[in-house]
Every structure is written in structure tokens, then in C-alpha cells.
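Structure file structure.pdb (PDB, C-alpha atoms) is printed below.
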```pdb
ATOM      1  CA  MET W   1       0.000   0.000   0.000
ATOM      2  CA  THR W   2       1.172   3.537  -0.774
ATOM      3  CA  SER W   3       0.353   6.546   1.385
ATOM      4  CA  VAL W   4      -1.060   9.240  -0.907
ATOM      5  CA  LEU W   5      -2.661  11.640   1.588
ATOM      6  CA  ARG W   6      -2.250  12.516   5.268
ATOM      7  CA  LEU W   7      -4.522  14.972   7.060
ATOM      8  CA  THR W   8      -4.161  16.862  10.291
ATOM      9  CA  THR W   9      -6.897  16.698  12.907
ATOM     10  CA  ASP W  10      -8.685  19.668  11.325
ATOM     11  CA  GLY W  11      -8.479  18.214   7.803
ATOM     12  CA  SER W  12      -5.536  20.228   6.495
ATOM     13  CA  VAL W  13      -3.140  18.396   4.196
ATOM     14  CA  LEU W  14      -0.047  17.244   6.078
ATOM     15  CA  ALA W  15       1.488  15.151   3.285
ATOM     16  CA  GLY W  16       0.527  13.960  -0.171
ATOM     17  CA  SER W  17      -2.376  15.550  -2.018
ATOM     18  CA  HIS W  18      -6.051  15.240  -2.838
ATOM     19  CA  GLU W  19      -5.079  15.117  -6.517
ATOM     20  CA  ALA W  20      -2.921  12.016  -5.974
ATOM     21  CA  LEU W  21      -5.782  10.296  -4.147
ATOM     22  CA  VAL W  22      -8.278  11.113  -6.896
ATOM     23  CA  ARG W  23      -5.888   9.976  -9.616
ATOM     24  CA  THR W  24      -5.130   6.585  -8.062
ATOM     25  CA  ILE W  25      -8.741   5.782  -7.140
ATOM     26  CA  ARG W  26      -9.858   6.772 -10.649
ATOM     27  CA  GLN W  27      -7.332   4.231 -11.940
ATOM     28  CA  GLY W  28      -9.021   1.493  -9.909
ATOM     29  CA  GLY W  29      -6.840   1.590  -6.806
ATOM     30  CA  ASP W  30      -8.000  -0.092  -3.577
ATOM     31  CA  LEU W  31      -8.506   2.237  -0.599
ATOM     32  CA  ARG W  32      -7.627   1.806   3.053
ATOM     33  CA  ILE W  33      -7.696   4.539   5.680
ATOM     34  CA  ARG W  34      -5.725   4.644   8.928
ATOM     35  CA  THR W  35      -7.079   6.637  11.874
ATOM     36  CA  GLU W  36      -5.979   7.002  15.496
ATOM     37  CA  PHE W  37      -8.055   7.632  18.626
ATOM     38  CA  ARG W  38      -8.047   7.239  22.408
ATOM     39  CA  VAL W  39     -10.282   4.640  24.072
ATOM     40  CA  ASP W  40     -11.794   7.060  26.599
ATOM     41  CA  GLU W  41     -12.350   9.748  23.969
ATOM     42  CA  HIS W  42     -13.946   7.675  21.218
ATOM     43  CA  LEU W  43     -15.259   4.388  22.605
ATOM     44  CA  ASP W  44     -16.170   4.774  26.270
ATOM     45  CA  PRO W  45     -16.074   8.124  28.083
ATOM     46  CA  GLU W  46     -16.421   6.308  31.421
ATOM     47  CA  SER W  47     -13.257   4.319  30.793
ATOM     48  CA  ARG W  48      -9.927   5.086  32.451
ATOM     49  CA  ASP W  49      -8.140   3.620  29.449
ATOM     50  CA  HIS W  50      -6.388   6.427  27.595
ATOM     51  CA  GLN W  51      -4.317   4.244  25.285
ATOM     52  CA  LEU W  52      -4.019   5.065  21.617
ATOM     53  CA  VAL W  53      -5.837   2.757  19.193
ATOM     54  CA  VAL W  54      -4.754   2.562  15.551
ATOM     55  CA  GLU W  55      -7.576   1.570  13.206
ATOM     56  CA  VAL W  56      -7.093   0.583   9.564
ATOM     57  CA  SER W  57     -10.272   0.032   7.561
ATOM     58  CA  ASP W  58     -10.891  -1.062   3.990
ATOM     59  CA  PHE W  59     -13.362   0.632   1.681
ATOM     60  CA  PRO W  60     -14.507  -1.896  -0.949
ATOM     61  CA  VAL W  61     -16.636   0.705  -2.757
ATOM     62  CA  THR W  62     -15.132   4.002  -3.856
ATOM     63  CA  TYR W  63     -16.632   7.049  -5.557
ATOM     64  CA  VAL W  64     -14.932   9.652  -7.727
ATOM     65  CA  VAL W  65     -17.243  12.657  -8.131
ATOM     66  CA  ALA W  66     -16.678  15.283 -10.836
ATOM     67  CA  GLU W  67     -13.145  13.902 -11.338
ATOM     68  CA  ARG W  68     -11.995  15.766  -8.219
ATOM     69  CA  TRP W  69     -13.529  14.219  -5.102
ATOM     70  CA  VAL W  70     -13.055  10.782  -3.522
ATOM     71  CA  ALA W  71     -15.238   9.037  -0.968
ATOM     72  CA  GLY W  72     -15.085   5.445   0.237
ATOM     73  CA  ILE W  73     -17.729   3.236   1.852
ATOM     74  CA  MET W  74     -17.273   0.279   4.196
ATOM     75  CA  THR W  75     -19.748  -2.213   2.759
ATOM     76  CA  LEU W  76     -18.930  -5.352   4.780
ATOM     77  CA  ARG W  77     -18.744  -4.006   8.323
ATOM     78  CA  GLN W  78     -20.940  -5.109  11.207
ATOM     79  CA  PRO W  79     -21.278  -2.803  14.231
ATOM     80  CA  VAL W  80     -18.874  -3.704  17.022
ATOM     81  CA  PHE W  81     -18.487  -2.751  20.668
ATOM     82  CA  LEU W  82     -14.728  -2.909  20.932
ATOM     83  CA  PRO W  83     -12.707  -4.813  21.774
ATOM     84  CA  ASP W  84     -14.672  -8.072  21.663
ATOM     85  CA  HIS W  85     -18.448  -7.788  21.111
ATOM     86  CA  PHE W  86     -20.695  -7.297  18.128
ATOM     87  CA  GLY W  87     -23.502  -4.776  18.160
ATOM     88  CA  PRO W  88     -27.095  -5.338  17.035
ATOM     89  CA  PRO W  89     -27.621  -7.167  13.710
ATOM     90  CA  SER W  90     -27.219  -4.479  11.102
ATOM     91  CA  MET W  91     -24.746  -3.089   8.611
ATOM     92  CA  SER W  92     -22.376  -0.237   9.412
ATOM     93  CA  PHE W  93     -22.030   1.605   6.114
ATOM     94  CA  PHE W  94     -19.408   4.103   7.245
ATOM     95  CA  LEU W  95     -18.567   6.669   4.572
ATOM     96  CA  TYR W  96     -15.342   8.702   4.597
ATOM     97  CA  ASN W  97     -14.697  11.739   2.398
ATOM     98  CA  GLN W  98     -11.290  12.914   1.278
ATOM     99  CA  ASP W  99     -11.459  15.951   3.588
ATOM    100  CA  GLY W 100     -11.992  13.791   6.685
ATOM    101  CA  GLY W 101     -15.750  14.259   6.863
ATOM    102  CA  GLN W 102     -17.634  11.081   7.708
ATOM    103  CA  ALA W 103     -21.103   9.591   7.672
ATOM    104  CA  ILE W 104     -22.840   6.376   8.613
ATOM    105  CA  ALA W 105     -25.945   4.555   7.474
ATOM    106  CA  ARG W 106     -27.039   1.575   9.535
ATOM    107  CA  PRO W 107     -29.879  -0.545   8.098
ATOM    108  CA  SER W 108     -31.105  -3.131  10.565
ATOM    109  CA  LEU W 109     -31.023  -6.789   9.529
ATOM    110  CA  ASP W 110     -33.533  -7.733  12.229
ATOM    111  CA  ARG W 111     -36.626  -5.548  12.526
ATOM    112  CA  ALA W 112     -37.214  -6.797  16.074
ATOM    113  CA  ALA W 113     -33.674  -6.007  17.209
ATOM    114  CA  ARG W 114     -32.927  -3.329  19.753
ATOM    115  CA  ARG W 115     -31.586  -0.236  18.052
ATOM    116  CA  ALA W 116     -28.286   1.090  19.361
ATOM    117  CA  ALA W 117     -25.703   3.685  18.476
ATOM    118  CA  PRO W 118     -23.488   2.607  15.562
ATOM    119  CA  THR W 119     -20.382   3.383  17.610
ATOM    120  CA  GLY W 120     -19.756   4.347  21.196
ATOM    121  CA  PHE W 121     -21.098   7.867  20.774
ATOM    122  CA  THR W 122     -24.680   9.060  20.424
ATOM    123  CA  ALA W 123     -26.204  12.181  18.940
ATOM    124  CA  GLY W 124     -25.764  15.223  21.151
ATOM    125  CA  ASP W 125     -23.580  13.405  23.684
ATOM    126  CA  GLU W 126     -21.294  16.153  24.998
ATOM    127  CA  ARG W 127     -18.939  13.608  26.570
ATOM    128  CA  PHE W 128     -17.352  13.110  23.158
ATOM    129  CA  ALA W 129     -15.577  16.410  22.684
ATOM    130  CA  LYS W 130     -13.995  15.457  19.374
ATOM    131  CA  LEU W 131     -17.313  14.577  17.726
ATOM    132  CA  ARG W 132     -19.141  17.135  15.596
ATOM    133  CA  ARG W 133     -22.440  15.795  14.285
ATOM    134  CA  PHE W 134     -23.797  17.813  11.377
ATOM    135  CA  ASP W 135     -27.219  16.196  10.998
ATOM    136  CA  SER W 136     -29.140  12.957  11.556
ATOM    137  CA  TRP W 137     -31.803  11.297   9.428
ATOM    138  CA  ASP W 138     -34.530   8.730  10.095
ATOM    139  CA  VAL W 139     -33.386   8.225  13.686
ATOM    140  CA  ASP W 140     -36.580   6.373  14.669
ATOM    141  CA  SER W 141     -36.514   4.078  11.660
ATOM    142  CA  HIS W 142     -34.755   0.808  10.937
ATOM    143  CA  ALA W 143     -32.251   2.624   8.726
ATOM    144  CA  PRO W 144     -30.892   5.677  10.583
ATOM    145  CA  SER W 145     -28.070   7.728   9.122
ATOM    146  CA  SER W 146     -26.012  10.749  10.073
ATOM    147  CA  ASN W 147     -23.212  12.979   8.830
ATOM    148  CA  PHE W 148     -20.468  14.000  11.209
ATOM    149  CA  ARG W 149     -16.801  14.521  11.788
ATOM    150  CA  TYR W 150     -14.671  12.919  14.466
ATOM    151  CA  ASP W 151     -11.337  14.637  14.952
ATOM    152  CA  PHE W 152      -9.044  11.634  14.842
ATOM    153  CA  ASP W 153      -5.507  12.023  16.126
ATOM    154  CA  GLY W 154      -4.241  10.741  12.792
ATOM    155  CA  TYR W 155      -5.773  10.372   9.348
ATOM    156  CA  GLU W 156      -3.958   8.693   6.434
ATOM    157  CA  PHE W 157      -5.163   7.410   3.054
ATOM    158  CA  PHE W 158      -3.442   4.381   1.493
ATOM    159  CA  VAL W 159      -3.985   3.093  -2.020
ATOM    160  CA  GLU W 160      -2.910  -0.223  -3.504
ATOM    161  CA  HIS W 161      -2.691   0.170  -7.241
ATOM    162  CA  ARG W 162      -2.845  -3.504  -8.228
ATOM    163  CA  TRP W 163      -5.330  -3.111 -11.074
ATOM    164  CA  SER W 164      -4.772  -2.560 -14.797
ATOM    165  CA  SER W 165      -7.462  -1.109 -17.025
ATOM    166  CA  VAL W 166      -7.831  -3.545 -19.928
ATOM    167  CA  TYR W 167     -11.147  -2.623 -21.546
ATOM    168  CA  SER W 168     -13.738   0.139 -21.555
ATOM    169  CA  HIS W 169     -16.914   0.817 -23.501
ATOM    170  CA  ASP W 170     -19.809   3.262 -23.624
ATOM    171  CA  ALA W 171     -23.343   2.598 -22.385
ATOM    172  CA  GLN W 172     -24.221   0.869 -25.665
ATOM    173  CA  GLY W 173     -21.257  -1.493 -25.450
ATOM    174  CA  THR W 174     -19.160   0.274 -28.090
ATOM    175  CA  ARG W 175     -15.448  -0.151 -27.393
ATOM    176  CA  LEU W 176     -13.572   2.923 -26.191
ATOM    177  CA  THR W 177     -10.197   1.545 -25.085
ATOM    178  CA  GLY W 178      -8.392  -1.738 -24.587
ATOM    179  CA  SER W 179      -9.226  -5.264 -25.672
ATOM    180  CA  LEU W 180     -12.241  -7.439 -24.925
ATOM    181  CA  ASP W 181     -10.091 -10.473 -25.713
ATOM    182  CA  GLU W 182      -7.591  -9.476 -23.026
ATOM    183  CA  LEU W 183     -10.392  -9.059 -20.491
ATOM    184  CA  VAL W 184     -11.932 -12.431 -21.388
ATOM    185  CA  GLU W 185      -8.563 -14.186 -21.255
ATOM    186  CA  ALA W 186      -7.872 -12.767 -17.790
ATOM    187  CA  ALA W 187     -11.323 -13.754 -16.530
ATOM    188  CA  SER W 188     -10.983 -17.255 -17.997
ATOM    189  CA  CYS W 189      -7.658 -17.705 -16.184
ATOM    190  CA  GLY W 190      -9.224 -16.858 -12.831
ATOM    191  CA  ARG W 191      -7.746 -13.375 -12.489
ATOM    192  CA  PRO W 192      -9.678 -11.062 -10.108
ATOM    193  CA  LEU W 193     -11.728  -8.358 -11.852
ATOM    194  CA  LYS W 194     -12.917  -4.916 -10.857
ATOM    195  CA  VAL W 195     -15.283  -2.528 -12.605
ATOM    196  CA  GLY W 196     -15.791   1.204 -12.747
ATOM    197  CA  VAL W 197     -19.417   2.170 -13.388
ATOM    198  CA  LYS W 198     -20.020   5.617 -14.846
ATOM    199  CA  ASP W 199     -22.941   7.639 -13.479
ATOM    200  CA  LEU W 200     -24.436   4.819 -11.438
ATOM    201  CA  VAL W 201     -26.938   7.152  -9.725
ATOM    202  CA  GLN W 202     -28.732   9.544 -12.051
ATOM    203  CA  THR W 203     -31.498  11.593 -10.419
ATOM    204  CA  ASP W 204     -31.707  14.676 -12.670
ATOM    205  CA  SER W 205     -29.630  16.868 -14.956
ATOM    206  CA  ALA W 206     -27.931  18.469 -11.956
ATOM    207  CA  THR W 207     -26.428  15.172 -10.764
ATOM    208  CA  PRO W 208     -22.639  15.528 -11.029
ATOM    209  CA  PRO W 209     -20.733  13.034 -13.182
ATOM    210  CA  HIS W 210     -19.210  10.251 -11.136
ATOM    211  CA  TRP W 211     -17.614   6.811 -11.141
ATOM    212  CA  VAL W 212     -18.244   3.981  -8.706
ATOM    213  CA  PHE W 213     -15.600   1.274  -8.345
ATOM    214  CA  VAL W 214     -16.263  -2.189  -6.923
ATOM    215  CA  GLU W 215     -14.647  -5.613  -7.213
ATOM    216  CA  LEU W 216     -16.410  -8.326  -9.190
ATOM    217  CA  GLY W 217     -17.307 -11.849  -8.117
ATOM    218  CA  PRO W 218     -18.713 -14.569 -10.404
ATOM    219  CA  ASN W 219     -18.391 -13.861 -14.128
ATOM    220  CA  TYR W 220     -19.726 -15.604 -17.223
ATOM    221  CA  TYR W 221     -18.477 -15.393 -20.800
ATOM    222  CA  TYR W 222     -20.949 -16.158 -23.597
ATOM    223  CA  THR W 223     -18.661 -17.510 -26.308
ATOM    224  CA  GLU W 224     -20.881 -17.028 -29.363
ATOM    225  CA  SER W 225     -22.272 -13.582 -28.574
ATOM    226  CA  ARG W 226     -18.881 -12.510 -27.099
ATOM    227  CA  ARG W 227     -20.471 -11.013 -24.018
ATOM    228  CA  LEU W 228     -18.956 -11.041 -20.524
ATOM    229  CA  VAL W 229     -21.421 -10.794 -17.634
ATOM    230  CA  ALA W 230     -20.340 -10.343 -14.004
ATOM    231  CA  GLN W 231     -21.848  -9.799 -10.580
ATOM    232  CA  THR W 232     -20.373  -7.177  -8.279
ATOM    233  CA  ARG W 233     -19.587  -7.465  -4.609
ATOM    234  CA  PRO W 234     -22.193  -5.665  -2.438
ATOM    235  CA  LEU W 235     -22.308  -1.924  -2.906
ATOM    236  CA  VAL W 236     -24.022   1.136  -1.499
ATOM    237  CA  ARG W 237     -25.579   3.645  -3.891
ATOM    238  CA  VAL W 238     -25.541   7.258  -2.726
ATOM    239  CA  THR W 239     -26.706  10.258  -4.732
ATOM    240  CA  PRO W 240     -23.388  11.869  -5.712
ATOM    241  CA  ALA W 241     -22.442  15.198  -4.175
ATOM    242  CA  ILE W 242     -19.405  17.001  -2.821
ATOM    243  CA  PRO W 243     -19.030  15.970  -0.084
ATOM    244  CA  LEU W 244     -20.808  12.618  -0.314
ATOM    245  CA  ARG W 245     -23.446  12.350   2.423
ATOM    246  CA  TYR W 246     -26.440  10.366   3.596
ATOM    247  CA  GLU W 247     -29.941  11.822   3.705
ATOM    248  CA  THR W 248     -33.474  10.441   3.730
ATOM    249  CA  GLY W 249     -34.098   8.619   0.469
ATOM    250  CA  ASN W 250     -30.711   9.313  -1.153
ATOM    251  CA  TRP W 251     -29.101   5.904  -0.535
ATOM    252  CA  ASP W 252     -29.758   2.189  -0.789
ATOM    253  CA  PHE W 253     -27.704  -0.982  -1.092
ATOM    254  CA  GLY W 254     -27.546  -4.129  -3.188
ATOM    255  CA  TRP W 255     -25.672  -5.843  -6.014
ATOM    256  CA  LEU W 256     -25.149  -5.161  -9.716
ATOM    257  CA  ILE W 257     -24.983  -7.449 -12.703
ATOM    258  CA  VAL W 258     -22.896  -5.704 -15.373
ATOM    259  CA  SER W 259     -22.191  -6.681 -18.958
ATOM    260  CA  THR W 260     -19.788  -5.717 -21.717
ATOM    261  CA  ASP W 261     -22.771  -4.633 -23.843
ATOM    262  CA  GLY W 262     -23.470  -1.833 -21.321
ATOM    263  CA  ASP W 263     -26.498  -3.506 -19.771
ATOM    264  CA  ALA W 264     -26.812  -3.467 -15.967
ATOM    265  CA  GLN W 265     -29.321  -4.831 -13.483
ATOM    266  CA  TYR W 266     -29.378  -3.570  -9.900
ATOM    267  CA  LEU W 267     -30.772  -5.738  -7.105
ATOM    268  CA  ARG W 268     -31.949  -2.989  -4.768
ATOM    269  CA  TYR W 269     -32.693  -3.361  -1.056
ATOM    270  CA  ASP W 270     -34.843  -0.621   0.433
ATOM    271  CA  PRO W 271     -32.974   0.346   3.636
ATOM    272  CA  ALA W 272     -36.108   0.997   5.681
ATOM    273  CA  THR W 273     -38.099  -2.101   4.745
ATOM    274  CA  LEU W 274     -35.577  -4.501   3.159
ATOM    275  CA  ALA W 275     -38.059  -4.841   0.282
ATOM    276  CA  VAL W 276     -36.276  -5.937  -2.893
ATOM    277  CA  ASP W 277     -36.717  -4.902  -6.503
ATOM    278  CA  GLU W 278     -34.636  -4.985  -9.681
ATOM    279  CA  VAL W 279     -33.686  -1.800 -11.498
ATOM    280  CA  PRO W 280     -32.417  -2.008 -15.112
ATOM    281  CA  SER W 281     -30.050   0.610 -16.537
ATOM    282  CA  ARG W 282     -27.177   1.088 -18.969
ATOM    283  CA  HIS W 283     -23.733   2.459 -18.181
ATOM    284  CA  ALA W 284     -20.339   3.076 -19.623
ATOM    285  CA  LEU W 285     -17.979   0.658 -17.884
ATOM    286  CA  GLU W 286     -14.251   0.351 -17.346
ATOM    287  CA  TRP W 287     -12.933  -3.147 -16.585
ATOM    288  CA  PHE W 288      -9.802  -3.760 -14.526
ATOM    289  CA  VAL W 289      -7.700  -6.909 -14.058
ATOM    290  CA  ASP W 290      -5.508  -7.746 -11.077
ATOM    291  CA  ARG W 291      -1.866  -7.409 -12.147
ATOM    292  CA  ALA W 292      -0.712 -10.351 -10.009
TER     293      ALA W 292
END
```

As C-alpha cells - that is how I would like this structure written.
Amino acid sequence: MTSVLRLTTDGSVLAGSHEALVRTIRQGGDLRIRTEFRVDEHLDPESRDHQLVVEVSDFPVTYVVAERWVAGIMTLRQPVFLPDHFGPPSMSFFLYNQDGGQAIARPSLDRAARRAAPTGFTAGDERFAKLRRFDSWDVDSHAPSSNFRYDFDGYEFFVEHRWSSVYSHDAQGTRLTGSLDELVEAASCGRPLKVGVKDLVQTDSATPPHWVFVELGPNYYYTESRRLVAQTRPLVRVTPAIPLRYETGNWDFGWLIVSTDGDAQYLRYDPATLAVDEVPSRHALEWFVDRA
């Protein structure tokens, strides 16, 4: 992993640059973020434990908005009460922006479960001096969310650039760059794949252009029609903005099926009800292959 950006507590750039982060994520790079905090300041204000904790988290889904802004989302995280207990059955969709601003959406996986704070702090709790909560949404629902900033003692962005772009096409499947044969050969040899989806969330003409990057799982090559179809890992859709943020009705989660003809099918879970539907669309795609 390569460190491309370090921030001070207040979000000022200490080393690296936002431009380097944007460039490497736009090229398919994997994102991890290191933060530092004290137990009694972040986890448990009643604790006498003042030791420093170093957290490193992965962000399997990344956004590049307007070619100048990066945000990452933790899509596989369950809530935890550190150091050794899980929280209520739900997902912790933490979202980090490149300026250090954060957000969380927490859809419950058990409608009968007791709701609890997604981390040790709660809204308006003055015991957490380093927490600044900007707003909260749907707090009495089964899918609460909020936007906030916690002033970590350290904040560092790492990118692993292990992916090579081998093929891209427009929303109609017309080739733009690279080779479909190279992509198919890599997939057939078991190489890991990743995809960049252009303009995944389109609400109106004011929606900024954006890319969403996510690793692929099972893939299928149709040999006569020369069409590669693949299913993504789980992702979170958020209406793009700078900064990226959660609000009522502007996010959901699910899986995509993408195809080299530009066709896409989104399996959408409604955060509040867990009702499922399928949403068809078409997108320009960029396909990446693991270099290893």
C-alpha cells in the first residue's frame, strides 16, 4: 500500500495531495484509511483507558465525483463494541470523504432487534468532545443515518494500485479503449476483476458526473455472442455530491450485474423495509484486471 494523503486533525493536508488520491482511485486503486483515537475519547467516556488505538479500515466501494472528489464506503462491516463484542444485527455503512468528513448509514437486519448507536457515541452526547455531528436522518426508523466529523488524532489514506485497465466501452457497449479479448482471457484464467461504473446514480440533470468502483465476483463469458457478464460485490448507492453524504431517500444498497454490452441490473434493497426490486439501466464501464 502507498500513502497518498495525510490529514491533520482539522483536515488540512499534512502530506501527499487530494489530486494524488483522486488519480489513483480513478485508476481502480484499492482504498484503506488509517485513523488514530483514544479509548476514553472515542469508545467509552467512562473508561480510564487512555491508550491510543490505531484503526485501519478497507473501503470496498469508492466514488470519484466530478473527477476531483473521492469518498469510500465500508460495505462489509458489522457494528462492534470494541474490543470483543458485536452490536445489534445491522450493517455499518461508514462513509469517509477525502477531507476527513464522515457519515454512517445503519440498516437493521432484524426488525425486532434493539436499536443502538453505531459506535460508542450518540447524537448530542457532549462527553465526546472530538465529535461534531452535522445532521441525523430517520433516527426512529430501521435505517438511521447521520453525517459527522470525528477529529481523529491521525488520518492517512493508502492506495494499492494492483489493477490494470484492460477494456472500456460506452453505455451501448461500443469499445472505447483496450481489448475485450484481453479481459476475457484474464477472466478465464481466474484473475480477479474490478469494474468502474459511470454515473451509477442519475437523479436529474444536476447530478454531477461520477464513477463507482467495486470488485467483481462470479463472471460468465458467452462464447458465441462474445459477451462477458459479471456480478459485483455488495455496494451502497448514494446520490453523488461534494461531499458525499447520507440523507433520507438518497441511498440504498444491493448488487449489480454488469455486462460488456453496457447492460446493468441492480438488485436494490430498500434500507427501511428490506423490500427488494430490480432496477435495469445502462452504463459506460471500465474493466480492470488484477496485475498479479

Shell around W:Phe93 at 7 Å using all atoms listed in the file, local window under 5 positions removed, as an MDAnalysis selection string = chainID W and resid 73:75 77 104:106

Restricted to C-alpha atoms, what would the selected residues look like written as a short mmCIF file (atom, residue, chain, number, x, y, z; two decimals), in the coordinates of the input?
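Output file out_22.cif is given in full below:
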```cif
data_model
loop_
_atom_site.label_atom_id
_atom_site.label_comp_id
_atom_site.auth_asym_id
_atom_site.auth_seq_id
_atom_site.Cartn_x
_atom_site.Cartn_y
_atom_site.Cartn_z
CA ILE W 73 -17.73 3.24 1.85
CA MET W 74 -17.27 0.28 4.20
CA THR W 75 -19.75 -2.21 2.76
CA ARG W 77 -18.74 -4.01 8.32
CA ILE W 104 -22.84 6.38 8.61
CA ALA W 105 -25.94 4.56 7.47
CA ARG W 106 -27.04 1.58 9.54
#
```

Evaluate the PyMOL selection byres ((chain W and resi 23-39) around 9) against this structure - the residues, as a PDB file with C-alpha atoms, in the coordinates of the input, please.
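Contents of the output file part.pdb:
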```pdb
ATOM      1  CA  MET W   1       0.000   0.000   0.000  1.00  0.00           C
ATOM      2  CA  VAL W   4      -1.060   9.240  -0.907  1.00  0.00           C
ATOM      3  CA  HIS W  18      -6.051  15.240  -2.838  1.00  0.00           C
ATOM      4  CA  GLU W  19      -5.079  15.117  -6.517  1.00  0.00           C
ATOM      5  CA  ALA W  20      -2.921  12.016  -5.974  1.00  0.00           C
ATOM      6  CA  LEU W  21      -5.782  10.296  -4.147  1.00  0.00           C
ATOM      7  CA  VAL W  22      -8.278  11.113  -6.896  1.00  0.00           C
ATOM      8  CA  ASP W  40     -11.794   7.060  26.599  1.00  0.00           C
ATOM      9  CA  GLU W  41     -12.350   9.748  23.969  1.00  0.00           C
ATOM     10  CA  HIS W  42     -13.946   7.675  21.218  1.00  0.00           C
ATOM     11  CA  LEU W  43     -15.259   4.388  22.605  1.00  0.00           C
ATOM     12  CA  ASP W  44     -16.170   4.774  26.270  1.00  0.00           C
ATOM     13  CA  PRO W  45     -16.074   8.124  28.083  1.00  0.00           C
ATOM     14  CA  SER W  47     -13.257   4.319  30.793  1.00  0.00           C
ATOM     15  CA  ARG W  48      -9.927   5.086  32.451  1.00  0.00           C
ATOM     16  CA  ASP W  49      -8.140   3.620  29.449  1.00  0.00           C
ATOM     17  CA  HIS W  50      -6.388   6.427  27.595  1.00  0.00           C
ATOM     18  CA  GLN W  51      -4.317   4.244  25.285  1.00  0.00           C
ATOM     19  CA  LEU W  52      -4.019   5.065  21.617  1.00  0.00           C
ATOM     20  CA  VAL W  53      -5.837   2.757  19.193  1.00  0.00           C
ATOM     21  CA  VAL W  54      -4.754   2.562  15.551  1.00  0.00           C
ATOM     22  CA  GLU W  55      -7.576   1.570  13.206  1.00  0.00           C
ATOM     23  CA  VAL W  56      -7.093   0.583   9.564  1.00  0.00           C
ATOM     24  CA  SER W  57     -10.272   0.032   7.561  1.00  0.00           C
ATOM     25  CA  ASP W  58     -10.891  -1.062   3.990  1.00  0.00           C
ATOM     26  CA  PHE W  59     -13.362   0.632   1.681  1.00  0.00           C
ATOM     27  CA  PRO W  60     -14.507  -1.896  -0.949  1.00  0.00           C
ATOM     28  CA  VAL W  61     -16.636   0.705  -2.757  1.00  0.00           C
ATOM     29  CA  THR W  62     -15.132   4.002  -3.856  1.00  0.00           C
ATOM     30  CA  TYR W  63     -16.632   7.049  -5.557  1.00  0.00           C
ATOM     31  CA  VAL W  64     -14.932   9.652  -7.727  1.00  0.00           C
ATOM     32  CA  GLU W  67     -13.145  13.902 -11.338  1.00  0.00           C
ATOM     33  CA  ARG W  68     -11.995  15.766  -8.219  1.00  0.00           C
ATOM     34  CA  VAL W  70     -13.055  10.782  -3.522  1.00  0.00           C
ATOM     35  CA  GLY W  72     -15.085   5.445   0.237  1.00  0.00           C
ATOM     36  CA  TYR W  96     -15.342   8.702   4.597  1.00  0.00           C
ATOM     37  CA  ASP W 151     -11.337  14.637  14.952  1.00  0.00           C
ATOM     38  CA  PHE W 152      -9.044  11.634  14.842  1.00  0.00           C
ATOM     39  CA  ASP W 153      -5.507  12.023  16.126  1.00  0.00           C
ATOM     40  CA  GLY W 154      -4.241  10.741  12.792  1.00  0.00           C
ATOM     41  CA  TYR W 155      -5.773  10.372   9.348  1.00  0.00           C
ATOM     42  CA  GLU W 156      -3.958   8.693   6.434  1.00  0.00           C
ATOM     43  CA  PHE W 157      -5.163   7.410   3.054  1.00  0.00           C
ATOM     44  CA  PHE W 158      -3.442   4.381   1.493  1.00  0.00           C
ATOM     45  CA  VAL W 159      -3.985   3.093  -2.020  1.00  0.00           C
ATOM     46  CA  GLU W 160      -2.910  -0.223  -3.504  1.00  0.00           C
ATOM     47  CA  HIS W 161      -2.691   0.170  -7.241  1.00  0.00           C
ATOM     48  CA  ARG W 162      -2.845  -3.504  -8.228  1.00  0.00           C
ATOM     49  CA  TRP W 163      -5.330  -3.111 -11.074  1.00  0.00           C
ATOM     50  CA  SER W 164      -4.772  -2.560 -14.797  1.00  0.00           C
ATOM     51  CA  SER W 165      -7.462  -1.109 -17.025  1.00  0.00           C
ATOM     52  CA  LYS W 194     -12.917  -4.916 -10.857  1.00  0.00           C
ATOM     53  CA  VAL W 195     -15.283  -2.528 -12.605  1.00  0.00           C
ATOM     54  CA  GLY W 196     -15.791   1.204 -12.747  1.00  0.00           C
ATOM     55  CA  TRP W 211     -17.614   6.811 -11.141  1.00  0.00           C
ATOM     56  CA  PHE W 213     -15.600   1.274  -8.345  1.00  0.00           C
ATOM     57  CA  VAL W 214     -16.263  -2.189  -6.923  1.00  0.00           C
ATOM     58  CA  PHE W 288      -9.802  -3.760 -14.526  1.00  0.00           C
TER      59      PHE W 288
END
```

Can you list what the PyMOL selection byres ((chain W and resi 247) around 9) grabs from this structure, as a PyMOL selection string?
-> chain W and resi 135-138+145-147+245-246+248-251

Enclosing box along x, y and z for every listed atom of stretch 270-274 of chain W, padded 3 Å each side, centre and size in Å, one decimal, as JSON:
```
{"center_x": -35.5, "center_y": -1.8, "center_z": 3.1, "size_x": 11.1, "size_y": 11.5, "size_z": 11.2}
```

What do you get, as an MDAnalysis selection string, if you spell out every residue that the PyMOL selection byres ((chain W and resi 265) around 12) selects here?
-> chainID W and resid 200 229:232 254:259 262:264 266:268 277:283

Atom CA of W:Gln98 sits from atom CA of W:Ala292 at a separation of 27.9 Å
